[in-house]
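S.K.: The file below is data-v3.txt, compact mmCIF, C-alpha atoms:
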# COMPACT_ATOMS: atom_id res chain seq x y z
CA MET A 1 90.17 101.49 73.11
CA THR A 2 88.15 104.48 74.17
CA PHE A 3 85.96 104.74 77.27
CA ASP A 4 82.79 104.46 75.18
CA ARG A 5 83.86 101.13 73.71
CA LEU A 6 84.73 99.44 77.01
CA GLN A 7 82.00 97.00 78.04
CA PRO A 8 81.72 96.11 81.75
CA GLY A 9 81.63 92.35 82.18
CA SER A 10 83.47 91.63 78.96
CA VAL A 11 86.65 89.57 78.80
CA LEU A 12 89.24 91.65 76.97
CA GLY A 13 91.76 88.91 76.34
CA GLN A 14 94.47 86.81 77.88
CA CYS A 15 98.24 86.76 77.93
CA ASP A 16 100.65 83.86 78.44
CA PHE A 17 103.77 84.30 80.47
CA GLU A 18 106.79 82.27 81.55
CA PHE A 19 108.65 83.09 84.73
CA ASN A 20 112.20 82.51 83.51
CA GLU A 21 115.78 83.48 84.34
CA ALA A 22 115.75 86.47 81.98
CA THR A 23 112.72 88.05 83.61
CA PHE A 24 113.90 87.23 87.09
CA GLY A 25 117.30 88.76 86.25
CA GLU A 26 115.75 92.00 85.00
CA TRP A 27 113.65 92.26 88.13
CA SER A 28 116.50 91.45 90.50
CA ALA A 29 118.71 94.07 88.84
CA LEU A 30 116.19 96.73 89.89
CA PHE A 31 115.29 95.16 93.25
CA PRO A 32 118.34 93.17 94.42
CA ASP A 33 116.70 92.08 97.70
CA ASP A 34 114.14 90.10 95.72
CA SER A 35 116.84 87.81 94.32
CA ALA A 36 116.63 85.89 97.63
CA SER A 37 113.18 84.71 96.57
CA ARG A 38 114.69 82.27 94.04
CA PRO A 39 113.28 79.95 92.73
CA THR A 40 109.90 81.41 93.71
CA MET A 41 108.65 84.54 91.95
CA PRO A 42 108.87 87.57 94.27
CA SER A 43 105.42 88.70 95.36
CA ALA A 44 106.08 92.21 94.00
CA MET A 45 106.32 90.71 90.50
CA VAL A 46 102.56 90.08 90.43
CA ALA A 47 102.33 93.74 89.41
CA MET A 48 104.73 93.16 86.53
CA VAL A 49 102.70 90.19 85.30
CA LEU A 50 99.50 92.23 85.44
CA MET A 51 101.03 95.21 83.66
CA ARG A 52 102.52 93.08 80.89
CA ALA A 53 99.16 91.44 80.35
CA PHE A 54 97.39 94.78 80.41
CA ILE A 55 99.84 96.37 77.95
CA SER A 56 99.68 93.37 75.65
CA ILE A 57 95.88 93.08 75.64
CA MET A 58 95.01 96.80 75.66
CA ARG A 59 97.28 97.79 72.79
CA ASP A 60 95.13 100.60 71.45
CA ARG A 61 94.55 102.37 74.76
CA PRO A 62 94.75 106.20 74.78
CA PRO A 63 97.96 107.80 76.07
CA GLY A 64 97.95 109.41 79.49
CA ASN A 65 95.80 107.01 81.53
CA ILE A 66 96.38 107.28 85.28
CA HIS A 67 96.54 104.32 87.65
CA ALA A 68 94.38 105.29 90.65
CA GLY A 69 94.02 102.14 92.71
CA GLN A 70 95.06 98.53 92.88
CA LYS A 71 94.09 95.33 94.65
CA PHE A 72 95.97 92.05 94.68
CA ARG A 73 95.28 88.71 96.28
CA ILE A 74 97.90 86.01 96.11
CA VAL A 75 96.85 82.39 96.21
CA SER A 76 100.15 80.88 95.18
CA LEU A 77 103.36 82.05 93.48
CA PRO A 78 105.00 80.39 90.48
CA VAL A 79 108.57 79.14 90.43
CA LEU A 80 111.23 79.46 87.73
CA GLY A 81 110.19 77.69 84.57
CA ASP A 82 106.47 77.87 85.29
CA ARG A 83 104.12 79.04 82.56
CA PHE A 84 100.85 80.75 83.35
CA THR A 85 98.05 82.83 81.83
CA THR A 86 96.49 86.14 82.84
CA GLN A 87 92.95 86.90 81.77
CA LEU A 88 91.83 90.52 81.74
CA GLN A 89 88.26 91.68 82.15
CA CYS A 90 86.55 95.08 82.26
CA LEU A 91 84.73 95.07 85.59
CA SER A 92 83.11 98.50 85.58
CA LYS A 93 83.20 102.02 84.20
CA ASP A 94 81.56 105.25 85.24
CA ILE A 95 81.95 109.02 85.04
CA ARG A 96 82.43 110.93 88.29
CA ASN A 97 83.40 114.59 88.55
CA SER A 98 83.84 114.66 84.77
CA ARG A 99 86.47 111.93 85.01
CA ARG A 100 86.27 108.55 83.29
CA TRP A 101 86.83 105.73 85.79
CA VAL A 102 87.48 102.19 84.56
CA THR A 103 88.17 99.13 86.71
CA PHE A 104 89.82 96.05 85.23
CA GLY A 105 89.99 92.62 86.84
CA SER A 106 92.70 90.06 86.26
CA GLU A 107 93.02 86.41 87.11
CA THR A 108 96.31 84.61 86.67
CA SER A 109 96.19 80.81 86.55
CA ASP A 110 98.80 78.10 86.13
CA ALA A 111 99.00 75.54 83.33
CA ALA A 112 96.48 73.35 85.19
CA SER A 113 94.03 76.31 85.48
CA ARG A 114 94.63 76.64 89.22
CA PRO A 115 94.45 80.28 90.33
CA LEU A 116 97.75 81.93 91.27
CA PHE A 117 96.77 85.53 91.94
CA PHE A 118 94.02 88.04 91.32
CA GLY A 119 94.22 91.75 90.58
CA GLU A 120 91.85 94.68 90.32
CA MET A 121 93.12 97.86 88.72
CA THR A 122 91.25 101.16 88.87
CA THR A 123 92.23 103.76 86.28
CA LEU A 124 91.36 107.24 85.18
CA TRP A 125 90.84 106.68 81.46
CA ALA A 126 92.23 109.44 79.27
CA ALA A 127 89.76 109.41 76.37
CA MET B 1 101.84 87.65 118.02
CA LEU B 2 101.78 90.00 115.05
CA PRO B 3 104.30 92.86 114.99
CA ILE B 4 102.92 96.36 115.49
CA ASN B 5 104.92 97.93 112.67
CA LEU B 6 106.05 96.63 109.33
CA ILE B 7 109.76 96.69 108.61
CA GLU B 8 110.27 99.70 106.37
CA ARG B 9 111.84 99.54 102.94
CA ARG B 10 113.34 102.48 101.00
CA PHE B 11 114.05 103.02 97.33
CA TYR B 12 115.44 105.93 95.31
CA VAL B 13 113.33 106.70 92.25
CA ASP B 14 115.48 108.28 89.58
CA ARG B 15 115.09 108.43 85.82
CA THR B 16 117.07 105.20 85.41
CA ALA B 17 114.77 103.30 87.78
CA ILE B 18 111.67 104.61 85.99
CA ARG B 19 113.10 103.63 82.60
CA CYS B 20 114.10 100.21 83.96
CA TYR B 21 110.61 99.60 85.37
CA ALA B 22 109.07 100.66 82.05
CA GLU B 23 111.19 98.07 80.27
CA ILE B 24 110.36 95.30 82.75
CA THR B 25 106.63 95.94 82.57
CA GLN B 26 106.67 97.15 78.95
CA ASP B 27 104.64 100.13 80.16
CA TYR B 28 105.96 103.03 78.10
CA ASN B 29 103.15 105.42 78.99
CA PRO B 30 104.58 108.85 78.06
CA ILE B 31 103.47 110.26 81.40
CA HIS B 32 106.40 108.28 82.86
CA LEU B 33 108.97 108.89 80.15
CA ASP B 34 108.24 111.98 78.08
CA PRO B 35 108.75 115.27 79.96
CA ASP B 36 107.05 117.36 77.26
CA PHE B 37 103.97 115.15 77.15
CA ALA B 38 103.83 114.81 80.94
CA ALA B 39 104.07 118.58 81.45
CA LYS B 40 100.81 119.05 79.54
CA THR B 41 98.85 116.54 81.67
CA SER B 42 97.15 117.12 85.02
CA MET B 43 100.28 115.66 86.67
CA GLY B 44 102.33 118.60 85.47
CA GLY B 45 105.43 116.54 84.81
CA VAL B 46 106.95 113.06 84.73
CA ILE B 47 105.70 110.67 87.39
CA ALA B 48 106.94 107.19 88.30
CA HIS B 49 104.81 104.12 87.70
CA GLY B 50 102.58 103.60 90.71
CA MET B 51 103.39 99.90 90.66
CA LEU B 52 107.08 100.67 91.06
CA SER B 53 106.42 102.19 94.47
CA LEU B 54 103.91 99.47 95.27
CA SER B 55 106.71 96.93 94.85
CA LEU B 56 108.26 98.38 97.95
CA LEU B 57 105.15 97.57 99.99
CA TRP B 58 105.42 93.92 99.00
CA GLN B 59 109.06 94.02 100.05
CA SER B 60 108.11 95.51 103.40
CA LEU B 61 105.58 92.69 103.92
CA VAL B 62 108.14 90.05 102.95
CA ALA B 63 110.75 91.58 105.27
CA THR B 64 108.25 91.53 108.13
CA PHE B 65 106.47 88.20 107.67
CA GLY B 66 108.66 86.16 105.33
CA ARG B 67 107.96 84.90 101.85
CA GLU B 68 106.02 81.89 103.10
CA ARG B 69 103.22 84.22 104.30
CA MET B 70 102.63 85.84 100.91
CA PRO B 71 100.20 83.17 99.62
CA GLY B 72 96.91 84.24 101.16
CA THR B 73 98.03 87.87 101.47
CA ALA B 74 95.96 90.65 99.90
CA LEU B 75 96.66 94.32 99.21
CA ASP B 76 94.09 97.04 98.59
CA ILE B 77 95.62 100.46 97.95
CA ARG B 78 95.01 103.84 96.38
CA PHE B 79 97.63 105.86 94.56
CA VAL B 80 97.07 109.11 96.43
CA LYS B 81 99.77 111.32 94.95
CA PRO B 82 102.38 110.91 92.27
CA VAL B 83 105.98 109.95 92.87
CA ARG B 84 108.38 112.11 90.93
CA GLU B 85 111.93 111.71 89.73
CA ASP B 86 114.51 111.92 92.50
CA ASP B 87 112.06 111.09 95.28
CA TRP B 88 112.97 108.58 97.94
CA VAL B 89 110.01 106.29 98.59
CA ILE B 90 109.59 104.59 101.96
CA ALA B 91 107.08 101.78 102.52
CA GLY B 92 105.73 100.61 105.85
CA GLY B 93 102.61 100.06 107.87
CA MET B 94 100.98 99.59 111.25
CA LYS B 95 98.81 96.82 112.64
CA ALA B 96 95.09 97.61 112.40
CA ASP B 97 93.69 94.52 114.13
CA GLU B 98 94.65 91.11 115.46
CA GLN B 99 93.27 89.32 112.40
CA GLY B 100 96.28 90.24 110.30
CA ARG B 101 95.09 93.51 108.81
CA TYR B 102 97.59 96.37 108.48
CA ASP B 103 97.22 99.97 107.43
CA VAL B 104 99.96 100.39 104.86
CA TRP B 105 101.54 103.37 103.20
CA VAL B 106 104.27 104.56 100.90
CA ARG B 107 105.68 108.01 101.51
CA ALA B 108 107.72 110.13 99.15
CA ASP B 109 110.56 112.15 100.55
CA GLY B 110 112.23 114.57 98.20
CA ASN B 111 111.71 117.60 95.99
CA GLY B 112 111.00 119.60 99.15
CA ARG B 113 108.15 117.46 100.48
CA CYS B 114 107.41 114.38 102.57
CA GLU B 115 103.94 113.00 101.96
CA THR B 116 101.90 109.84 101.58
CA VAL B 117 101.69 108.68 97.98
CA ILE B 118 100.09 105.25 98.49
CA ALA B 119 97.63 104.33 101.25
CA GLY B 120 95.55 101.26 101.92
CA THR B 121 95.40 97.97 103.75
CA ALA B 122 97.20 94.65 103.65
CA THR B 123 95.72 91.45 105.01
CA ILE B 124 98.40 88.93 105.85
CA GLY B 125 98.02 85.31 104.85
CA PRO B 126 97.90 82.58 107.47
CA PRO B 127 101.09 80.85 108.57
CA PRO B 128 101.93 77.88 106.36
CA ALA B 129 100.45 74.61 107.56
CA ARG B 130 102.81 72.53 109.64
CA PRO B 131 103.87 69.23 108.10
CA THR B 132 101.50 66.47 109.15
CA THR B 133 104.34 63.98 109.40
CA SER B 134 106.06 65.58 112.38
CA ALA B 135 108.11 63.43 114.71
CA SER B 136 105.32 63.31 117.28
CA THR B 137 102.80 62.28 114.62
CA LEU B 138 105.09 59.53 113.40
CA ILE B 139 105.59 58.26 116.93
CA ALA B 140 101.84 58.31 117.54
CA LYS B 141 101.19 56.47 114.27
CA GLU B 142 103.80 53.88 115.01
CA SER B 143 102.61 53.28 118.55
CA PRO B 144 100.42 50.22 118.94
Kindly present the structure from the file in C-alpha cells form.

M.R.:
Amino acid sequence: MTFDRLQPGSVLGQCDFEFNEATFGEWSALFPDDSASRPTMPSAMVAMVLMRAFISIMRDRPPGNIHAGQKFRIVSLPVLGDRFTTQLQCLSKDIRNSRRWVTFGSETSDAASRPLFFGEMTTLWAA
Amino acid sequence: MLPINLIERRFYVDRTAIRCYAEITQDYNPIHLDPDFAAKTSMGGVIAHGMLSLSLLWQSLVATFGRERMPGTALDIRFVKPVREDDWVIAGGMKADEQGRYDVWVRADGNGRCETVIAGTATIGPPPARPTTSASTLIAKESP
C-alpha cells in the first residue's frame, strides 16, 4: 500500500484477537512485572493488539516505515479468554518537508461491540 | 493527592528483546531486525520498536497509580529519537496539573549518550467508583 493509494477516511479492515494464555505468556516472558496483571490484560499490551492488527491489515505496506507518534485511550481492558476486534482506519495523510505523513486510527471493541481502547498512530510512510 | 513524580521503570534493550518484541507483535520491519537494511535508512542502523519502549511508560503509570486507574487513562506521545541495541531505557514523568495530567518521557542511556527518546503527556483515569453497597449504605437502607 503506497502513500498515493491511502484514502483518508477509509476503513482499511479489521482484525479479531483473543487474549489467551499463550499471548499472555509471551508478553510476560519479556515483561515479567506485567504477569501480576492476571487475569486482566496489561495496559501495555494495547500496543501489541494495535500492531498485530496493523501488520495483519496492512500486509502490502512498504518496508522502512517509521513510527513517529502514538495516542492511546483505554476505556476498559479485556481479561483472559476474551475475544475482541480492532478496526483500522486511515485518518489523514499529508506531505511535509518532503516526508510522507500518514495517521491511522484504531478502535478495539469487545464481542458486544463495546469499546475497549482507541489508538492513533502517526507514521512516516516510506513510499 | 496526586504524586509529583511517576515511579520510574527501566528496561535493557538488547537484540534478544527486539527480536522477542517483533515476534509478539509480528512486526518484522527490517529497520528493527536487518542491520544491512537499517544501515541504508535515515536511522543509520537497527532501532528498537518504539512501542517496546512505550510499554515501559505504561508500566510506570501502573506502578504509580495501580492497574485499576488504567481504564480512563490516555497517552499522547511522540517518538523523538530512536532507541538502539544495548540502550537502557528509563520511563517516568512529572505532574503537569492537578487534573491528572503528567508530562511523561522515556530516556535512553547507553552507547555514549543519555537523551529523551519519547516525550508526551499522560492523563490519568479517575479512581474506580466505590461500591454503592457499602456498610453505611446498607445500614441507611435498612433503617426505617

S.K.: Could you check the closest approach to chain B for each of A:Phe104, A:Phe72, A:Phe117, A:Phe84 and tell me which residue wins, using all atoms listed in the file?

M.R.: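 With all atoms listed in the file as the atom set, the closest residue is A:Phe72.
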
S.K.: Dump as JSON lines the rows for residues of chain A within 8 Å of chain B: closest atom pair and distance in Å with one decimal, all atoms listed in the file counted, ordered by chain and rising residue number.

M.R.:
{"residue": "A:Thr23", "atom": "CA", "partner": "B:Ile24", "partner_atom": "CA", "distance": 7.7}
{"residue": "A:Glu26", "atom": "CA", "partner": "B:Ile24", "partner_atom": "CA", "distance": 6.7}
{"residue": "A:Trp27", "atom": "CA", "partner": "B:Ile24", "partner_atom": "CA", "distance": 7.0}
{"residue": "A:Leu30", "atom": "CA", "partner": "B:Ala17", "partner_atom": "CA", "distance": 7.0}
{"residue": "A:Asp34", "atom": "CA", "partner": "B:Gln59", "partner_atom": "CA", "distance": 7.7}
{"residue": "A:Ser37", "atom": "CA", "partner": "B:Arg67", "partner_atom": "CA", "distance": 7.4}
{"residue": "A:Ser43", "atom": "CA", "partner": "B:Trp58", "partner_atom": "CA", "distance": 6.4}
{"residue": "A:Ala44", "atom": "CA", "partner": "B:Ser55", "partner_atom": "CA", "distance": 4.8}
{"residue": "A:Met45", "atom": "CA", "partner": "B:Ser55", "partner_atom": "CA", "distance": 7.6}
{"residue": "A:Ala47", "atom": "CA", "partner": "B:Met51", "partner_atom": "CA", "distance": 6.4}
{"residue": "A:Met48", "atom": "CA", "partner": "B:Thr25", "partner_atom": "CA", "distance": 5.2}
{"residue": "A:Val49", "atom": "CA", "partner": "B:Thr25", "partner_atom": "CA", "distance": 7.5}
{"residue": "A:Met51", "atom": "CA", "partner": "B:Thr25", "partner_atom": "CA", "distance": 5.8}
{"residue": "A:Arg52", "atom": "CA", "partner": "B:Thr25", "partner_atom": "CA", "distance": 5.3}
{"residue": "A:Ile55", "atom": "CA", "partner": "B:Asp27", "partner_atom": "CA", "distance": 6.5}
{"residue": "A:Pro63", "atom": "CA", "partner": "B:Asn29", "partner_atom": "CA", "distance": 6.4}
{"residue": "A:Gly64", "atom": "CA", "partner": "B:Ile31", "partner_atom": "CA", "distance": 5.9}
{"residue": "A:Asn65", "atom": "CA", "partner": "B:Asn29", "partner_atom": "CA", "distance": 7.9}
{"residue": "A:His67", "atom": "CA", "partner": "B:Gly50", "partner_atom": "CA", "distance": 6.8}
{"residue": "A:Ala68", "atom": "CA", "partner": "B:Phe79", "partner_atom": "CA", "distance": 5.1}
{"residue": "A:Gly69", "atom": "CA", "partner": "B:Arg78", "partner_atom": "CA", "distance": 4.2}
{"residue": "A:Gln70", "atom": "CA", "partner": "B:Ile77", "partner_atom": "CA", "distance": 5.5}
{"residue": "A:Lys71", "atom": "CA", "partner": "B:Asp76", "partner_atom": "CA", "distance": 4.3}
{"residue": "A:Phe72", "atom": "CA", "partner": "B:Leu75", "partner_atom": "CA", "distance": 5.1}
{"residue": "A:Arg73", "atom": "CA", "partner": "B:Ala74", "partner_atom": "CA", "distance": 4.2}
{"residue": "A:Ile74", "atom": "CA", "partner": "B:Pro71", "partner_atom": "CA", "distance": 5.1}
{"residue": "A:Val75", "atom": "CA", "partner": "B:Pro71", "partner_atom": "CA", "distance": 4.8}
{"residue": "A:Ser76", "atom": "CA", "partner": "B:Pro71", "partner_atom": "CA", "distance": 5.0}
{"residue": "A:Leu77", "atom": "CA", "partner": "B:Pro71", "partner_atom": "CA", "distance": 7.0}

S.K.: Using Å and a single decimal, report how far CA of Ile4 (chain B) sits from CA of Ala129 (chain B).

M.R.: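 That distance, rounded to one decimal, is 23.3 Å.
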
S.K.: Between CA of Gly100 (chain B) and CA of Pro39 (chain A), what is the distance, to one decimal in Å?

M.R.: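 Straight-line distance from CA of Gly100 (chain B) to CA of Pro39 (chain A) works out to 26.5 Å.
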
S.K.: CA of Trp88 (chain B) to CA of Ala108 (chain B): how many Å, to one decimal?

M.R.: 5.6 Å

S.K.: Do you know which residues are at most 9 Å from region 9-13 of chain A counting all atoms listed in the file, after dropping those on the same chain fewer than 4 positions away, and could you put them as a list in words?

M.R.: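 Residues meeting the cut-off are Ala53, Ile57, Met58, Thr86, Gln87, Leu88, Gln89, Cys90, Leu91 and Ser92 of chain A.
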
S.K.: Print the selection's residues with C-alpha atoms to a file, as a short mmCIF file (atom, residue, chain, number, x, y, z; two decimals), keeping the file's coordinate frame.

M.R.:
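For reference, out-v9.cif as written:
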data_model
loop_
_atom_site.label_atom_id
_atom_site.label_comp_id
_atom_site.auth_asym_id
_atom_site.auth_seq_id
_atom_site.Cartn_x
_atom_site.Cartn_y
_atom_site.Cartn_z
CA ALA A 53 99.16 91.44 80.35
CA ILE A 57 95.88 93.08 75.64
CA MET A 58 95.01 96.80 75.66
CA THR A 86 96.49 86.14 82.84
CA GLN A 87 92.95 86.90 81.77
CA LEU A 88 91.83 90.52 81.74
CA GLN A 89 88.26 91.68 82.15
CA CYS A 90 86.55 95.08 82.26
CA LEU A 91 84.73 95.07 85.59
CA SER A 92 83.11 98.50 85.58
#

S.K.: Need the shell around Ser98 (chain A): protein/DNA/RNA residues with any atom at most 12 Å away, counting all atoms listed in the file. Skip same-chain ones fewer than 5 positions apart. Format as number ranges by chain?

M.R.: A: 124-127

S.K.: Since we have the selection now, will you write its residues out, keeping C-alpha atoms, as an mmCIF file, in the coordinates of the input?

M.R.:
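Result saved to again22.cif:
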data_model
loop_
_atom_site.group_PDB
_atom_site.id
_atom_site.type_symbol
_atom_site.label_atom_id
_atom_site.label_comp_id
_atom_site.auth_asym_id
_atom_site.auth_seq_id
_atom_site.Cartn_x
_atom_site.Cartn_y
_atom_site.Cartn_z
ATOM 1 C CA LEU A 124 91.360 107.240 85.180
ATOM 2 C CA TRP A 125 90.840 106.680 81.460
ATOM 3 C CA ALA A 126 92.230 109.440 79.270
ATOM 4 C CA ALA A 127 89.760 109.410 76.370
#
